[in-house]
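Trainee: Below you'll find target03.txt; it's compact mmCIF, C-alpha atoms.
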# COMPACT_ATOMS: atom_id res chain seq x y z
CA MET A 697 6.51 -27.42 28.63
CA PRO A 698 5.96 -27.04 24.89
CA SER A 699 2.69 -25.71 23.55
CA ALA A 700 0.10 -28.40 22.91
CA GLY A 701 -0.13 -29.61 19.35
CA ILE A 702 3.41 -28.60 18.29
CA PRO A 703 5.41 -31.64 17.11
CA LEU A 704 8.95 -31.44 18.44
CA ARG A 705 12.01 -33.68 18.20
CA PRO A 706 12.97 -34.77 20.85
CA SER A 707 10.03 -34.47 23.22
CA PHE A 708 11.01 -31.01 24.50
CA VAL A 709 13.12 -27.97 23.57
CA ARG A 710 15.07 -26.18 26.24
CA ARG A 711 14.99 -22.37 26.28
CA ALA A 712 18.80 -22.36 26.27
CA ASP A 713 18.81 -24.42 23.07
CA LEU A 714 16.43 -21.99 21.39
CA ARG A 715 18.49 -19.01 22.50
CA ALA A 716 21.60 -20.64 21.08
CA CYS A 717 19.68 -21.28 17.89
CA LYS A 718 18.79 -17.60 17.65
CA ARG A 719 22.39 -16.54 18.19
CA ARG A 720 23.68 -18.84 15.49
CA SER A 721 20.94 -17.99 13.00
CA VAL A 722 22.36 -14.59 12.08
CA GLN A 723 25.49 -14.24 9.93
CA ALA A 724 26.34 -10.59 10.35
CA ASP A 725 29.04 -8.76 12.23
CA ALA A 726 28.77 -5.24 13.62
CA ASN A 727 30.14 -3.69 10.42
CA GLU A 728 27.95 -5.61 7.99
CA THR A 729 25.48 -3.49 6.03
CA SER A 730 23.60 -6.22 4.13
CA PRO A 731 20.49 -7.73 5.72
CA PRO A 732 21.30 -10.65 8.04
CA LYS A 733 20.59 -14.13 6.73
CA PHE A 734 19.49 -17.27 8.50
CA SER A 735 22.51 -19.54 8.19
CA THR A 736 22.80 -23.23 7.37
CA SER A 737 24.43 -23.83 10.74
CA GLY A 738 21.56 -21.98 12.40
CA ARG A 739 19.03 -24.24 10.71
CA ARG A 740 21.02 -27.32 11.75
CA CYS A 741 21.17 -25.98 15.28
CA CYS A 742 17.42 -25.56 15.44
CA ARG A 743 16.86 -29.04 14.05
CA ALA A 744 19.28 -30.41 16.64
CA ALA A 745 17.37 -28.52 19.32
CA GLY A 746 14.29 -30.37 18.21
CA LEU A 747 12.41 -27.67 16.28
CA SER A 748 10.27 -29.04 13.45
CA ARG A 749 9.39 -26.79 10.53
CA ILE A 750 6.02 -26.05 12.12
CA ALA A 751 7.62 -25.15 15.42
CA TRP A 752 10.25 -23.03 13.68
CA THR A 753 7.49 -21.11 11.91
CA GLN A 754 5.68 -20.58 15.19
CA ALA A 755 8.94 -19.25 16.64
CA TYR A 756 9.24 -16.71 13.77
CA PRO A 757 10.45 -13.99 13.99
CA LEU A 758 13.66 -14.65 15.87
CA ARG A 759 15.23 -11.29 15.00
CA PRO A 760 14.13 -7.87 13.70
CA VAL A 761 12.17 -7.68 10.46
CA ARG A 762 12.55 -4.83 7.96
CA ILE A 763 9.60 -3.34 6.11
CA PHE A 764 10.67 -1.32 3.07
CA VAL A 765 8.54 1.69 2.15
CA GLY A 766 9.04 3.35 -1.23
CA PHE A 767 7.97 6.81 -0.05
CA PRO A 768 9.32 9.42 2.38
CA ALA A 769 8.65 9.56 6.09
CA SER A 770 5.24 11.07 6.97
CA ALA A 771 3.73 10.15 3.59
CA THR A 772 0.59 8.01 3.88
CA PRO A 773 2.39 4.73 2.98
CA ASP A 774 4.95 5.45 5.71
CA ILE A 775 2.24 6.19 8.27
CA VAL A 776 0.41 2.94 7.41
CA ALA A 777 3.63 0.92 7.62
CA ARG A 778 4.52 2.37 11.03
CA LEU A 779 1.04 1.77 12.45
CA VAL A 780 1.03 -1.87 11.38
CA GLY A 781 4.73 -2.41 12.11
CA GLN A 782 4.35 -1.18 15.69
CA ARG A 783 1.52 -3.61 16.37
CA LEU A 784 3.43 -6.49 14.75
CA SER A 785 6.37 -5.69 17.03
CA GLU A 786 4.11 -5.79 20.07
CA ARG A 787 2.30 -8.97 19.05
CA LEU A 788 5.30 -10.98 17.83
CA GLY A 789 8.00 -9.83 20.23
CA GLN A 790 10.52 -8.61 17.63
CA GLN A 791 11.03 -5.20 16.12
CA PHE A 792 9.48 -4.54 12.71
CA VAL A 793 11.73 -1.74 11.49
CA ILE A 794 10.51 0.68 8.81
CA GLU A 795 13.11 1.47 6.17
CA ASN A 796 12.21 4.31 3.80
CA ARG A 797 13.68 4.03 0.33
CA PRO A 798 11.81 6.66 -1.73
CA GLY A 799 12.21 7.15 -5.44
CA ALA A 800 11.04 5.91 -8.83
CA ALA A 801 7.39 5.65 -7.73
CA GLY A 802 8.29 3.08 -5.09
CA ASN A 803 10.31 0.86 -7.43
CA LEU A 804 13.59 1.28 -5.50
CA ALA A 805 12.05 -0.22 -2.38
CA THR A 806 10.40 -3.00 -4.36
CA GLU A 807 13.69 -3.92 -6.03
CA ALA A 808 15.42 -4.10 -2.64
CA VAL A 809 12.82 -6.57 -1.41
CA VAL A 810 12.95 -8.64 -4.61
CA ARG A 811 16.70 -9.08 -4.10
CA ALA A 812 16.41 -10.00 -0.42
CA PRO A 813 16.49 -13.57 0.90
CA PRO A 814 13.00 -15.11 1.02
CA ASP A 815 13.23 -15.79 4.74
CA GLY A 816 10.49 -13.55 6.12
CA TYR A 817 12.86 -10.91 7.45
CA THR A 818 12.46 -8.44 4.58
CA LEU A 819 8.96 -7.23 3.68
CA LEU A 820 7.48 -4.58 1.39
CA LEU A 821 4.74 -2.07 2.11
CA ALA A 822 3.03 -2.69 -1.23
CA ASN A 823 0.60 -0.13 -2.62
CA GLY A 824 -1.29 1.02 -5.68
CA ALA A 825 1.83 2.49 -7.27
CA ASN A 826 3.15 -1.05 -7.72
CA ALA A 827 0.13 -1.95 -9.87
CA VAL A 828 0.68 1.16 -12.01
CA SER A 829 4.44 0.67 -12.37
CA ALA A 830 3.96 -2.85 -13.70
CA THR A 831 2.75 -1.35 -16.99
CA LEU A 832 4.06 2.21 -16.92
CA TYR A 833 7.74 1.27 -16.63
CA GLU A 834 8.82 -1.10 -19.39
CA LYS A 835 12.39 -1.76 -18.20
CA LEU A 836 12.03 -2.69 -14.56
CA SER A 837 14.52 -5.24 -13.27
CA PHE A 838 11.68 -7.24 -11.71
CA ASP A 839 8.15 -8.43 -12.42
CA PHE A 840 5.89 -7.63 -9.48
CA ILE A 841 3.60 -10.64 -9.91
CA ARG A 842 6.50 -13.03 -10.52
CA ASP A 843 8.89 -11.72 -7.87
CA ILE A 844 6.73 -10.53 -4.95
CA ALA A 845 4.59 -12.90 -2.90
CA PRO A 846 1.35 -11.34 -1.63
CA VAL A 847 1.15 -11.53 2.16
CA ALA A 848 -1.77 -9.47 3.45
CA SER A 849 -3.95 -6.51 2.57
CA ILE A 850 -4.30 -3.57 4.95
CA ALA A 851 -6.59 -0.92 3.49
CA GLY A 852 -8.06 0.67 0.41
CA ALA A 853 -7.46 4.36 -0.25
CA ALA A 854 -10.19 6.14 -2.17
CA LEU A 855 -9.71 9.62 -3.60
CA VAL A 856 -12.06 12.56 -3.48
CA MET A 857 -12.96 14.80 -6.43
CA VAL A 858 -12.86 18.42 -5.26
CA THR A 859 -13.29 21.91 -6.67
CA ASN A 860 -12.75 25.39 -5.30
CA LEU A 861 -15.78 27.25 -4.04
CA SER A 862 -15.97 29.61 -7.03
CA PHE A 863 -16.27 26.79 -9.56
CA PRO A 864 -19.85 26.80 -10.95
CA ALA A 865 -20.44 23.03 -10.79
CA LYS A 866 -21.58 21.67 -7.45
CA THR A 867 -22.22 18.03 -8.43
CA VAL A 868 -20.63 15.46 -10.71
CA PRO A 869 -23.37 15.78 -13.37
CA GLU A 870 -22.93 19.57 -13.32
CA PHE A 871 -19.16 19.15 -13.60
CA ILE A 872 -19.56 16.88 -16.65
CA ALA A 873 -22.03 19.29 -18.28
CA TYR A 874 -19.73 22.28 -17.64
CA ALA A 875 -16.67 20.43 -18.95
CA LYS A 876 -18.46 19.43 -22.15
CA ALA A 877 -19.68 22.99 -22.68
CA ASN A 878 -16.19 24.36 -21.98
CA PRO A 879 -13.74 21.81 -23.40
CA GLY A 880 -10.16 22.33 -22.24
CA LYS A 881 -11.03 25.26 -19.98
CA ILE A 882 -10.84 23.44 -16.66
CA ASN A 883 -7.41 23.35 -15.02
CA MET A 884 -7.01 20.11 -13.04
CA ALA A 885 -4.23 20.03 -10.44
CA VAL A 886 -2.15 16.88 -9.98
CA ALA A 887 1.01 15.92 -8.13
CA GLY A 888 3.10 13.01 -9.34
CA GLY A 889 2.16 12.93 -13.01
CA GLY A 890 1.42 9.74 -14.88
CA ALA A 891 2.61 7.40 -12.15
CA SER A 892 0.10 8.69 -9.60
CA THR A 893 -3.32 7.29 -8.80
CA PRO A 894 -4.95 10.76 -8.92
CA PHE A 895 -3.74 11.25 -12.50
CA LEU A 896 -4.98 7.82 -13.54
CA ALA A 897 -8.28 8.38 -11.72
CA GLY A 898 -8.74 11.52 -13.78
CA GLU A 899 -7.85 9.76 -17.02
CA LEU A 900 -10.34 7.00 -16.21
CA PHE A 901 -13.01 9.66 -15.56
CA LYS A 902 -12.22 11.36 -18.86
CA GLY A 903 -12.43 8.09 -20.75
CA MET A 904 -15.77 7.14 -19.22
CA THR A 905 -17.44 10.56 -19.58
CA GLY A 906 -15.86 12.05 -22.72
CA VAL A 907 -14.81 15.29 -21.04
CA GLU A 908 -11.51 17.13 -21.42
CA TRP A 909 -9.46 19.39 -19.19
CA VAL A 910 -5.91 20.71 -18.85
CA TRP A 911 -3.64 18.92 -16.39
CA VAL A 912 -1.52 21.29 -14.29
CA GLN A 913 1.29 19.27 -12.74
CA TYR A 914 2.82 20.26 -9.41
CA ARG A 915 6.04 19.00 -7.88
CA GLY A 916 4.88 20.00 -4.42
CA GLU A 917 1.74 21.23 -2.71
CA TYR A 918 -1.05 22.62 -4.89
CA MET A 919 -3.78 23.25 -2.29
CA PRO A 920 -3.16 27.02 -2.01
CA ASP A 921 -3.61 27.41 -5.79
CA LEU A 922 -6.72 25.23 -5.74
CA ILE A 923 -8.32 27.16 -2.90
CA SER A 924 -7.49 30.52 -4.51
CA GLY A 925 -8.88 29.46 -7.91
CA GLN A 926 -5.69 29.39 -9.97
CA VAL A 927 -6.66 25.79 -10.69
CA GLN A 928 -10.26 24.69 -10.46
CA ALA A 929 -10.37 21.01 -9.51
CA ALA A 930 -8.42 17.92 -8.45
CA PHE A 931 -8.67 14.24 -7.71
CA THR A 932 -6.84 14.14 -4.41
CA VAL A 933 -5.96 11.77 -1.60
CA ILE A 934 -8.25 12.30 1.36
CA PRO A 935 -5.58 13.07 4.00
CA ARG A 936 -4.41 16.00 1.86
CA SER A 937 -7.88 17.52 1.48
CA ILE A 938 -10.06 16.44 4.42
CA ASP A 939 -9.40 19.48 6.64
CA TYR A 940 -10.11 21.88 3.76
CA ILE A 941 -13.37 20.07 3.02
CA ARG A 942 -14.46 20.10 6.67
CA THR A 943 -13.67 23.79 7.08
CA GLY A 944 -15.54 24.73 3.90
CA LYS A 945 -12.51 25.83 1.88
CA LEU A 946 -13.03 23.15 -0.79
CA ARG A 947 -16.14 21.50 -2.21
CA ALA A 948 -16.20 17.71 -2.34
CA LEU A 949 -18.16 16.48 -5.38
CA ALA A 950 -17.69 12.73 -4.93
CA VAL A 951 -15.42 9.98 -3.64
CA THR A 952 -13.93 7.46 -6.05
CA SER A 953 -14.83 4.31 -4.09
CA THR A 954 -17.98 2.33 -4.82
CA ALA A 955 -19.31 2.87 -1.29
CA HIS A 956 -19.69 5.93 0.91
CA LEU A 957 -16.81 6.60 3.30
CA GLU A 958 -17.10 6.95 7.07
CA VAL A 959 -14.81 9.96 6.99
CA LEU A 960 -17.02 11.75 4.40
CA PRO A 961 -20.42 10.12 4.94
CA ASP A 962 -22.46 12.75 3.10
CA VAL A 963 -20.33 12.82 -0.04
CA PRO A 964 -21.69 10.65 -2.89
CA THR A 965 -19.62 8.28 -5.02
CA VAL A 966 -18.67 8.96 -8.63
CA ASP A 967 -20.21 5.58 -9.42
CA GLU A 968 -23.67 6.96 -8.57
CA PHE A 969 -23.40 9.24 -11.62
CA VAL A 970 -20.89 7.34 -13.78
CA PRO A 971 -21.85 3.66 -13.37
CA GLY A 972 -18.88 1.33 -13.06
CA TYR A 973 -16.40 4.02 -12.09
CA GLU A 974 -13.96 3.16 -9.29
CA ALA A 975 -10.44 4.43 -8.71
CA SER A 976 -8.63 3.75 -5.48
CA SER A 977 -5.17 3.05 -4.25
CA TRP A 978 -4.46 0.41 -1.62
CA PHE A 979 -1.91 -0.79 0.92
CA GLY A 980 -0.70 -4.24 1.86
CA VAL A 981 2.37 -6.31 2.61
CA GLY A 982 4.48 -8.33 0.21
CA ALA A 983 7.55 -10.55 0.58
CA PRO A 984 10.20 -11.94 -1.75
CA LYS A 985 8.87 -14.79 -3.86
CA GLY A 986 9.85 -18.10 -2.29
CA THR A 987 9.03 -17.02 1.27
CA SER A 988 7.54 -20.04 3.01
CA THR A 989 3.78 -20.50 3.00
CA GLU A 990 3.84 -20.95 6.76
CA ILE A 991 5.45 -17.55 7.37
CA ILE A 992 3.11 -15.85 4.89
CA GLU A 993 0.08 -17.41 6.56
CA LYS A 994 1.33 -16.40 10.00
CA LEU A 995 1.85 -12.79 8.91
CA ASN A 996 -1.51 -12.74 7.13
CA LYS A 997 -3.27 -13.91 10.29
CA GLU A 998 -1.47 -11.33 12.44
CA ILE A 999 -2.06 -8.42 10.06
CA ASP A 1000 -5.73 -9.33 9.64
CA ALA A 1001 -6.11 -9.35 13.42
CA ILE A 1002 -4.38 -5.96 13.66
CA VAL A 1003 -6.56 -4.39 10.97
CA ALA A 1004 -9.66 -5.67 12.82
CA GLU A 1005 -8.68 -4.01 16.11
CA PRO A 1006 -11.05 -1.12 16.92
CA ASN A 1007 -8.23 1.33 17.58
CA MET A 1008 -6.47 0.42 14.34
CA LYS A 1009 -9.69 0.64 12.33
CA ALA A 1010 -10.29 4.09 13.78
CA ARG A 1011 -6.76 5.22 12.90
CA LEU A 1012 -7.09 3.95 9.32
CA VAL A 1013 -10.54 5.50 8.85
CA GLY A 1014 -9.19 8.77 10.24
CA LEU A 1015 -6.62 8.73 7.41
CA GLY A 1016 -9.45 8.33 4.90
CA LEU A 1017 -8.67 4.64 4.39
CA GLN A 1018 -10.98 1.64 4.29
CA PRO A 1019 -9.71 -1.39 6.27
CA MET A 1020 -9.38 -4.41 3.99
CA SER A 1021 -8.79 -8.02 4.99
CA LEU A 1022 -8.02 -10.64 2.33
CA THR A 1023 -6.29 -14.00 2.34
CA SER A 1024 -2.88 -14.02 0.68
CA ALA A 1025 -4.42 -15.73 -2.37
CA GLU A 1026 -7.24 -13.19 -2.55
CA PHE A 1027 -4.74 -10.36 -2.19
CA GLY A 1028 -2.70 -11.81 -5.07
CA LYS A 1029 -5.78 -11.88 -7.31
CA PHE A 1030 -6.66 -8.34 -6.24
CA ILE A 1031 -3.20 -7.10 -7.24
CA ALA A 1032 -3.38 -8.88 -10.60
CA ASP A 1033 -6.78 -7.30 -11.27
CA GLN A 1034 -5.43 -3.86 -10.35
CA ILE A 1035 -2.48 -4.28 -12.72
CA ASP A 1036 -4.83 -5.28 -15.53
CA LYS A 1037 -7.22 -2.39 -14.83
CA TRP A 1038 -4.58 0.33 -14.86
CA ALA A 1039 -2.76 -1.23 -17.83
CA LYS A 1040 -5.86 -0.57 -19.93
CA VAL A 1041 -6.05 3.06 -18.79
CA ILE A 1042 -2.32 3.66 -19.35
CA LYS A 1043 -2.36 2.16 -22.83
CA SER A 1044 -5.62 3.83 -23.86
CA ALA A 1045 -4.46 7.28 -22.75
CA GLY A 1046 -0.90 6.78 -24.06
CA ILE A 1047 0.62 7.62 -20.68
CA LYS A 1048 4.41 7.53 -20.51
CA PRO A 1049 6.76 7.75 -17.51
CA GLU A 1050 8.40 11.11 -16.99
Can the structure from this file be put into C-alpha cells for me?

Mentor:
Amino acid sequence: MPSAGIPLRPSFVRRADLRACKRRSVQADANETSPPKFSTSGRRCCRAAGLSRIAWTQAYPLRPVRIFVGFPASATPDIVARLVGQRLSERLGQQFVIENRPGAAGNLATEAVVRAPPDGYTLLLANGANAVSATLYEKLSFDFIRDIAPVASIAGAALVMVTNLSFPAKTVPEFIAYAKANPGKINMAVAGGGASTPFLAGELFKGMTGVEWVWVQYRGEYMPDLISGQVQAAFTVIPRSIDYIRTGKLRALAVTSTAHLEVLPDVPTVDEFVPGYEASSWFGVGAPKGTSTEIIEKLNKEIDAIVAEPNMKARLVGLGLQPMSLTSAEFGKFIADQIDKWAKVIKSAGIKPE
C-alpha cells in the first residue's frame, strides 16, 4: 500500500515497477567515469509506473549521492562531511559518498559541483573558504551565489586567539596594549595565507584595534614553533589547538565567536573587549543551481534532524564547532552576508591570492 497522502497515478505503484525505474534511471556503464545522470527514459518509466513529482521526490535518492569536499581527508571539512554523510546514508537508504578534491582553497571541488547535473546526486560540502574565494579570486569560472544553491547549514567554526606561555599579555586588552607599545614586534603564525579564515580574522582584528604585527606564514604545522616561542601568537582553528590549551602548553586569550563555546567555556570572546568583532568559518551543504526545491527541502529537513541528534551535536561540539540549523533561504542569506563581510576586509587590507 502506498503511504497516505502521496498522490500516485494510477492508484498504486508496484515495487517491481519502482525497481525497474531505478535500473533505467542511470545512464552509465562499468567503464564510465562521469557522474551518472537520470535519463529521459528513466523519468518516463517512473511516470508510467505512476510516480508523481511529489512521490518521486519522496523516493529520492534512488542511487548513491556524491558529496565533494575541497580539502584533504582528515581535515575538518572532510570529518564534518563524513559524519553527516554517514547519517544521511543510514536515514535515506543510499550511500552518500565523500569525494575529496583538494586544491585552490576548495575551488576545484566547487567547480566540479557547479558543472554537475542539478539532479540532487552531486552535492558540495560548502564552507567559509567559499565566501572568501568569491572576492579573493577574480577569475573563477563560476559565481558561488549564482551557481550554487544553498541546501542546509551544519555548523559554525569559531577560532581561538592563543599565545605561548612566555608572552607577557594574558588578556585581549593586554595584548592590544602590548602590540601598540611594540608595533611590528609580535610574530603571528598563520597557515594558508590570505585565503584562510585565521588570516582574515587577524586582519579584521588589526583593522578594528589599530595594532600591527608580522605575519609568519607556514605551509605545514606551526604549533611546535608557537609553543617554543619562535612565534608568539596565532588565530587558530580549535581542533588544532584544543589539546595544547587543555594541557597548559598554550594560553587561550579569547574565542572569535560572539558567544562562549561549550568546548572552552571559561575563555571569553574577543567581542567582550572589541565590540562588534566576530570571525568564524562555517560548514553546510550546497547543490548545483537548478536542483529542485523539493529535493533541497528534503535534504534540508534531513540534515537539520541529523544536526539536532544528541550524538551528532556532541561530535560537532567536540570538534570545536557550533551546530547551526537554518532553512535553505536563511542559509543563502547567511552566505551572502559572509561574502559581503569578507569582501570588505579583503579590499581594505589589499589582500591578494598567492

Trainee: Taking into account all atoms listed in the file, which residue in the set A:Ile923, A:Leu819, A:Ala801, A:Val951 is nearest to A:Ala777?

Mentor: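 Once distances to A:Ala777 are computed over all atoms listed in the file, the minimum belongs to A:Leu819.
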
Trainee: Which residues, written as a count of residues only, have at least one atom at most 6 Å from stretch 1014-1029 of chain A, with all atoms listed in the file counted and residues fewer than 3 positions away on the same chain left out?

Mentor: 15

Trainee: Would you work out the distance separating atom CA of A:Val933 from atom CA of A:Asp774, expressed in Å to one decimal?

Mentor: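 Between atom CA of A:Val933 and atom CA of A:Asp774 the gap works out to 14.6 Å.
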
Trainee: Skipping near chain neighbours, those fewer than 6 positions away, what residues fall within 12 Å of A:Leu836 using all atoms listed in the file, listed as a ChimeraX atom specification?

Mentor: /A:800-804,806-807,810,826,829-830,843

Trainee: How far is it from atom CA of A:Val761 to atom CA of A:Pro1006, in Å with one decimal?

Mentor: 25.0 Å

Trainee: Could you check which of A:Leu957, A:Ala930, A:Val793, A:Ala805 is closest to A:Ala854, using all atoms listed in the file?

Mentor: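 Going through A:Leu957, A:Ala930, A:Val793, A:Ala805 one by one, the smallest distance to A:Ala854 is for A:Leu957.
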